[in-house]
>>> print(open('query-v4.tsv').read())   # TSV, C-alpha atoms
chain	number	residue	atom	x	y	z
L	24	MET	CA	-6.34	-7.75	-18.94
L	25	ILE	CA	-3.71	-5.28	-17.83
L	26	ASP	CA	-1.58	-3.69	-20.51
L	27	TRP	CA	1.67	-2.97	-18.67
L	28	ASN	CA	2.88	-0.77	-21.55
L	29	ASP	CA	-0.23	1.43	-21.26
L	30	ALA	CA	0.18	1.57	-17.50
L	31	GLU	CA	3.84	2.58	-17.72
L	32	ALA	CA	2.99	5.14	-20.42
L	33	LEU	CA	0.37	6.77	-18.19
L	34	LEU	CA	2.90	7.01	-15.37
L	35	GLY	CA	5.38	8.52	-17.83
L	36	GLU	CA	2.83	11.13	-18.88
L	37	ALA	CA	2.25	11.92	-15.20
L	38	LEU	CA	6.01	12.61	-14.86
L	39	VAL	CA	6.31	10.48	-11.73
L	40	ASP	CA	10.03	10.21	-12.43
L	41	GLN	CA	10.28	13.91	-11.50
L	42	LEU	CA	8.56	13.64	-8.11
L	43	PRO	CA	10.84	13.12	-5.11
L	44	HIS	CA	10.34	10.15	-2.83
L	45	PHE	CA	12.95	10.18	-0.05
L	46	ASP	CA	16.30	9.82	-1.84
L	47	ARG	CA	14.75	8.53	-5.10
L	48	ASN	CA	11.84	9.41	-7.33
L	49	LEU	CA	8.24	8.25	-7.14
L	50	GLN	CA	8.55	6.09	-10.27
L	51	ASP	CA	11.26	3.97	-8.64
L	52	HIS	CA	9.12	3.52	-5.52
L	53	LEU	CA	5.99	2.60	-7.49
L	54	ALA	CA	7.90	0.06	-9.59
L	55	GLY	CA	9.55	-1.36	-6.47
L	56	THR	CA	6.19	-1.78	-4.76
L	57	ARG	CA	4.85	-3.67	-7.77
L	58	ARG	CA	7.98	-5.83	-7.79
L	59	LEU	CA	7.54	-6.80	-4.12
L	60	LEU	CA	3.91	-7.74	-4.71
L	61	GLU	CA	4.94	-9.90	-7.67
L	62	GLU	CA	7.60	-11.61	-5.52
L	63	TRP	CA	4.95	-12.32	-2.88
L	64	GLY	CA	2.66	-14.02	-5.39
L	65	ALA	CA	0.01	-11.29	-5.55
L	66	SER	CA	-2.57	-11.22	-8.33
L	67	LYS	CA	-1.94	-9.16	-11.45
L	68	THR	CA	-4.71	-6.82	-10.27
L	69	LEU	CA	-2.95	-6.20	-6.97
L	70	CYS	CA	0.42	-5.79	-8.70
L	71	ALA	CA	-1.14	-3.17	-10.99
L	72	ALA	CA	-2.53	-1.39	-7.94
L	73	GLY	CA	0.96	-1.46	-6.45
L	74	LEU	CA	2.32	0.29	-9.52
L	75	PHE	CA	-0.15	3.17	-9.02
L	76	HIS	CA	-0.78	2.96	-5.27
L	77	SER	CA	-0.05	6.60	-4.34
L	78	ILE	CA	-0.74	8.35	-7.65
L	79	TYR	CA	-3.67	10.34	-6.19
L	80	GLY	CA	-1.69	11.26	-3.06
L	81	THR	CA	-1.97	9.64	0.36
L	82	GLU	CA	-2.16	10.74	3.96
L	83	ARG	CA	1.64	10.67	4.23
L	84	TYR	CA	2.62	11.38	0.62
L	85	ARG	CA	0.71	14.49	-0.40
L	86	LEU	CA	2.34	15.03	-3.82
L	87	LYS	CA	-0.43	13.70	-6.02
L	88	LYS	CA	0.36	13.41	-9.68
L	89	LEU	CA	-3.09	12.54	-10.98
L	90	SER	CA	-6.35	13.99	-9.75
L	91	ALA	CA	-9.31	11.80	-8.92
L	92	ALA	CA	-10.90	13.28	-12.06
L	93	MET	CA	-8.52	11.05	-14.05
L	94	ARG	CA	-9.80	7.83	-12.51
L	95	ALA	CA	-11.29	6.69	-15.84
L	96	GLU	CA	-7.88	6.88	-17.51
L	97	VAL	CA	-6.27	4.89	-14.71
L	98	GLN	CA	-9.11	2.33	-14.89
L	99	LYS	CA	-8.47	1.96	-18.62
L	100	ALA	CA	-4.76	1.35	-18.01
L	101	ILE	CA	-4.93	-1.06	-15.06
L	102	GLY	CA	-8.57	-2.17	-14.79
L	103	SER	CA	-11.39	-1.01	-12.54
L	104	LYS	CA	-10.62	-3.39	-9.65
L	105	ALA	CA	-6.98	-2.31	-9.46
L	106	GLU	CA	-7.91	1.36	-9.73
L	107	ARG	CA	-10.48	1.00	-6.94
L	108	LEU	CA	-7.75	-0.39	-4.68
L	109	VAL	CA	-5.51	2.54	-5.60
L	110	TYR	CA	-8.28	5.03	-4.88
L	111	LEU	CA	-9.17	3.43	-1.54
L	112	PHE	CA	-5.51	3.28	-0.53
L	113	CYS	CA	-5.07	6.95	-1.37
L	114	ILE	CA	-8.16	8.29	0.38
L	115	MET	CA	-8.01	6.19	3.56
L	116	GLU	CA	-6.88	7.47	6.91
L	117	ARG	CA	-4.06	5.12	7.94
L	118	GLN	CA	-5.30	4.84	11.53
L	119	SER	CA	-8.57	3.36	10.26
L	120	LEU	CA	-6.63	0.51	8.66
L	121	GLY	CA	-5.09	-0.36	12.02
L	122	ASP	CA	-8.46	-0.04	13.74
L	123	ASN	CA	-9.76	-2.94	11.62
L	124	LEU	CA	-6.91	-5.39	12.18
L	125	GLY	CA	-8.72	-7.23	15.00
L	126	ARG	CA	-11.82	-7.86	12.89
L	127	TRP	CA	-12.78	-10.65	10.54
L	128	GLN	CA	-15.70	-8.89	8.86
L	129	GLY	CA	-17.44	-5.53	8.68
L	130	PHE	CA	-14.33	-3.63	7.58
L	131	GLN	CA	-14.77	0.13	7.55
L	132	LEU	CA	-12.10	2.61	6.59
L	133	LYS	CA	-12.22	6.36	7.03
L	134	ASP	CA	-11.85	8.94	4.28
L	135	ARG	CA	-8.95	11.17	5.35
L	136	SER	CA	-10.50	14.27	3.76
L	137	SER	CA	-14.17	14.04	4.68
L	138	GLY	CA	-13.96	11.87	7.78
L	139	ALA	CA	-16.73	9.67	6.37
L	140	LYS	CA	-16.50	5.93	6.94
L	141	PHE	CA	-16.82	3.56	4.01
L	142	SER	CA	-17.11	-0.20	3.84
L	143	VAL	CA	-14.73	-2.49	2.01
L	144	THR	CA	-15.04	-6.20	1.35
L	145	ALA	CA	-12.81	-8.69	3.13
L	146	ALA	CA	-10.92	-9.24	-0.14
L	147	GLU	CA	-10.40	-5.49	-0.59
L	148	PHE	CA	-9.22	-5.19	3.01
L	149	ARG	CA	-6.64	-7.96	2.49
L	150	ASP	CA	-5.45	-6.31	-0.73
L	151	ILE	CA	-5.16	-2.92	0.99
L	152	CYS	CA	-3.12	-4.59	3.75
L	153	MET	CA	-0.84	-6.09	1.10
L	154	LEU	CA	-0.45	-2.66	-0.53
L	155	PHE	CA	0.32	-1.13	2.85
L	156	VAL	CA	3.02	-3.72	3.60
L	157	ALA	CA	4.60	-3.55	0.13
L	158	ASN	CA	4.52	0.25	0.13
L	159	TRP	CA	6.14	0.51	3.54
L	160	LEU	CA	8.77	-2.22	3.21
L	161	GLU	CA	9.78	-1.03	-0.26
L	162	GLN	CA	10.58	2.48	0.94
L	163	GLN	CA	11.97	1.58	4.33
L	164	ALA	CA	15.60	1.39	3.17
L	165	SER	CA	15.50	4.95	1.86
L	166	ALA	CA	13.37	6.39	4.68
L	167	PRO	CA	14.99	8.31	7.53
L	168	PRO	CA	16.01	6.07	10.47
L	169	ARG	CA	13.44	7.70	12.77
L	170	ALA	CA	10.68	6.42	10.47
L	171	LYS	CA	11.67	2.72	10.49
L	172	TYR	CA	9.30	1.71	13.27
L	173	ARG	CA	6.45	4.09	12.39
L	174	TYR	CA	4.05	1.29	11.46
L	175	ALA	CA	5.55	-1.61	13.42
L	176	ALA	CA	2.46	-1.99	15.63
L	177	GLU	CA	0.14	-2.28	12.63
L	178	LEU	CA	2.48	-4.54	10.72
L	179	SER	CA	2.80	-6.90	13.69
L	180	ARG	CA	-0.97	-7.58	13.47
L	181	MET	CA	-1.25	-8.13	9.71
L	182	GLU	CA	-0.34	-11.81	9.50
L	183	PRO	CA	-3.95	-13.00	8.97
L	184	PHE	CA	-4.44	-10.55	6.11
L	185	VAL	CA	-1.29	-10.97	4.00
L	186	THR	CA	0.41	-13.79	2.10
L	187	GLN	CA	3.03	-15.97	3.77
L	188	GLN	CA	5.70	-14.30	1.65
L	189	ALA	CA	4.61	-10.83	2.75
L	190	TRP	CA	4.52	-11.93	6.38
L	191	ALA	CA	8.03	-13.38	6.05
L	192	ALA	CA	9.21	-10.00	4.71
L	193	ILE	CA	7.63	-8.22	7.69
L	194	VAL	CA	9.32	-10.60	10.13
L	195	ALA	CA	12.64	-10.17	8.31
L	196	ALA	CA	12.35	-6.38	8.65
L	197	TYR	CA	11.10	-6.35	12.26
L	198	GLY	CA	12.06	-9.80	13.55
L	199	ASN	CA	13.89	-8.73	16.70
L	200	LEU	CA	11.13	-6.33	17.67
L	201	PHE	CA	8.49	-9.02	17.17
L	202	LYS	CA	10.50	-11.56	19.19
L	203	LYS	CA	10.78	-9.10	22.10
L	204	ARG	CA	7.05	-8.41	21.92
L	205	ALA	CA	6.16	-12.12	21.95
L	206	ALA	CA	8.52	-12.75	24.88
L	207	SER	CA	6.98	-9.92	26.92
L	208	GLN	CA	3.48	-11.30	26.27
L	209	ASP	CA	4.54	-14.80	27.36
L	210	GLY	CA	6.12	-13.67	30.62
>>> encode(input="query-v4.tsv", output="structure tokens")
Amino acid sequence: MIDWNDAEALLGEALVDQLPHFDRNLQDHLAGTRRLLEEWGASKTLCAAGLFHSIYGTERYRLKKLSAAMRAEVQKAIGSKAERLVYLFCIMERQSLGDNLGRWQGFQLKDRSSGAKFSVTAAEFRDICMLFVANWLEQQASAPPRAKYRYAAELSRMEPFVTQQAWAAIVAAYGNLFKKRAASQDG
């Protein structure tokens, strides 16, 4: 059972409200990511992961607020399954996520620091895709214009791995681009 008060308190102790994230702070982004996942019908575990998804730092967002040594505290606040998703999301090389989008099994991501590959279950892969989509779409409005299409290619291939609500949000954000792509493939 996730204690949202404990989770929010841990983020408060980590001072995520003082870390910049585009034109806002990291706390606003983390809360917004959780909110999107809730709107898309994600499990409480995945929503908890959304609330902490970049707390250890990611390939693109290097300002980590908690070290991996604090994993036990995060596990206590949000549960071990949610924390594992957070950890995997933080350590993965983004390209390795895209490299797996044509697969249905045997998902392997790459550790961005060591270069080592590690396996994830199909359920974990779907959850990481959901985190990726929620993370990106939540921050897109405050990201610089040049960044809007950074992950369009990956997002266009995520339909089999995300909920219908998440896919609808992707299409709403990139609809015209996806329509042009489909038309060029038909002709």
>>> residues_around(input="query-v4.tsv", residues="L:Tyr174", least_positions_apart="4", cutoff="12 Å", atoms="only C-alpha atoms", output="list in words")
Arg117, Gln118, Leu120, Gly121, Phe155, Val156, Asn158, Trp159, Leu160, Gln163, Arg169, Ala170, Leu178, Ser179, Arg180, Met181, Ile193, Ala196 and Tyr197 of chain L
>>> closest_residue(input="query-v4.tsv", among="L:Arg107, L:Arg135, L:Lys99, L:Arg94", to="L:Asp150", atoms="only C-alpha atoms")
L:Arg107
>>> residues_near_point(input="query-v4.tsv", point="(-10.4, 8.4, 0.7)", cutoff="10 Å", atoms="all atoms listed in the file", output="number ranges by chain")
L: 79-82, 109-116, 132-141
>>> closest_residue(input="query-v4.tsv", among="L:Leu53, L:Ala65, L:Ala164, L:Leu108", to="L:Val185", atoms="only C-alpha atoms")
L:Ala65
>>> atom_distance(input="query-v4.tsv", atom1="atom CA of L:Met93", atom2="atom CA of L:Leu34")
12.2 Å
>>> atom_distance(input="query-v4.tsv", atom1="atom CA of L:Glu106", atom2="atom CA of L:His52")
17.7 Å
>>> atom_distance(input="query-v4.tsv", atom1="atom CA of L:Lys104", atom2="atom CA of L:Thr68")
6.9 Å
>>> closest_residue(input="query-v4.tsv", among="L:Gly125, L:Gly64, L:Gly73, L:Gly55", to="L:Ala30", atoms="all atoms listed in the file")
L:Gly73
>>> closest_residue(input="query-v4.tsv", among="L:Leu74, L:Ile151, L:Ala92, L:Ile101", to="L:Ser119", atoms="all atoms listed in the file")
L:Ile151
>>> residues_around(input="query-v4.tsv", residues="L:Lys67", least_positions_apart="2", cutoff="9 Å", atoms="all atoms listed in the file", output="list of chain:residue names")
L:Met24, L:Ile25, L:Glu61, L:Ala65, L:Leu69, L:Cys70, L:Ala71, L:Ala72, L:Ala105
>>> residues_around(input="query-v4.tsv", residues="L:Met153", least_positions_apart="5", cutoff="8 Å", atoms="only C-alpha atoms", output="ChimeraX atom specification")
/L:60,184-186,189
>>> axis_aligned_box(input="query-v4.tsv", around="stretch 134-147 of chain L", padding_each_side="4 Å", output="lines of an AutoDock Vina configuration file")
center_x = -13.0
center_y = 2.5
center_z = 3.6
size_x = 16.2
size_y = 31.5
size_z = 16.4
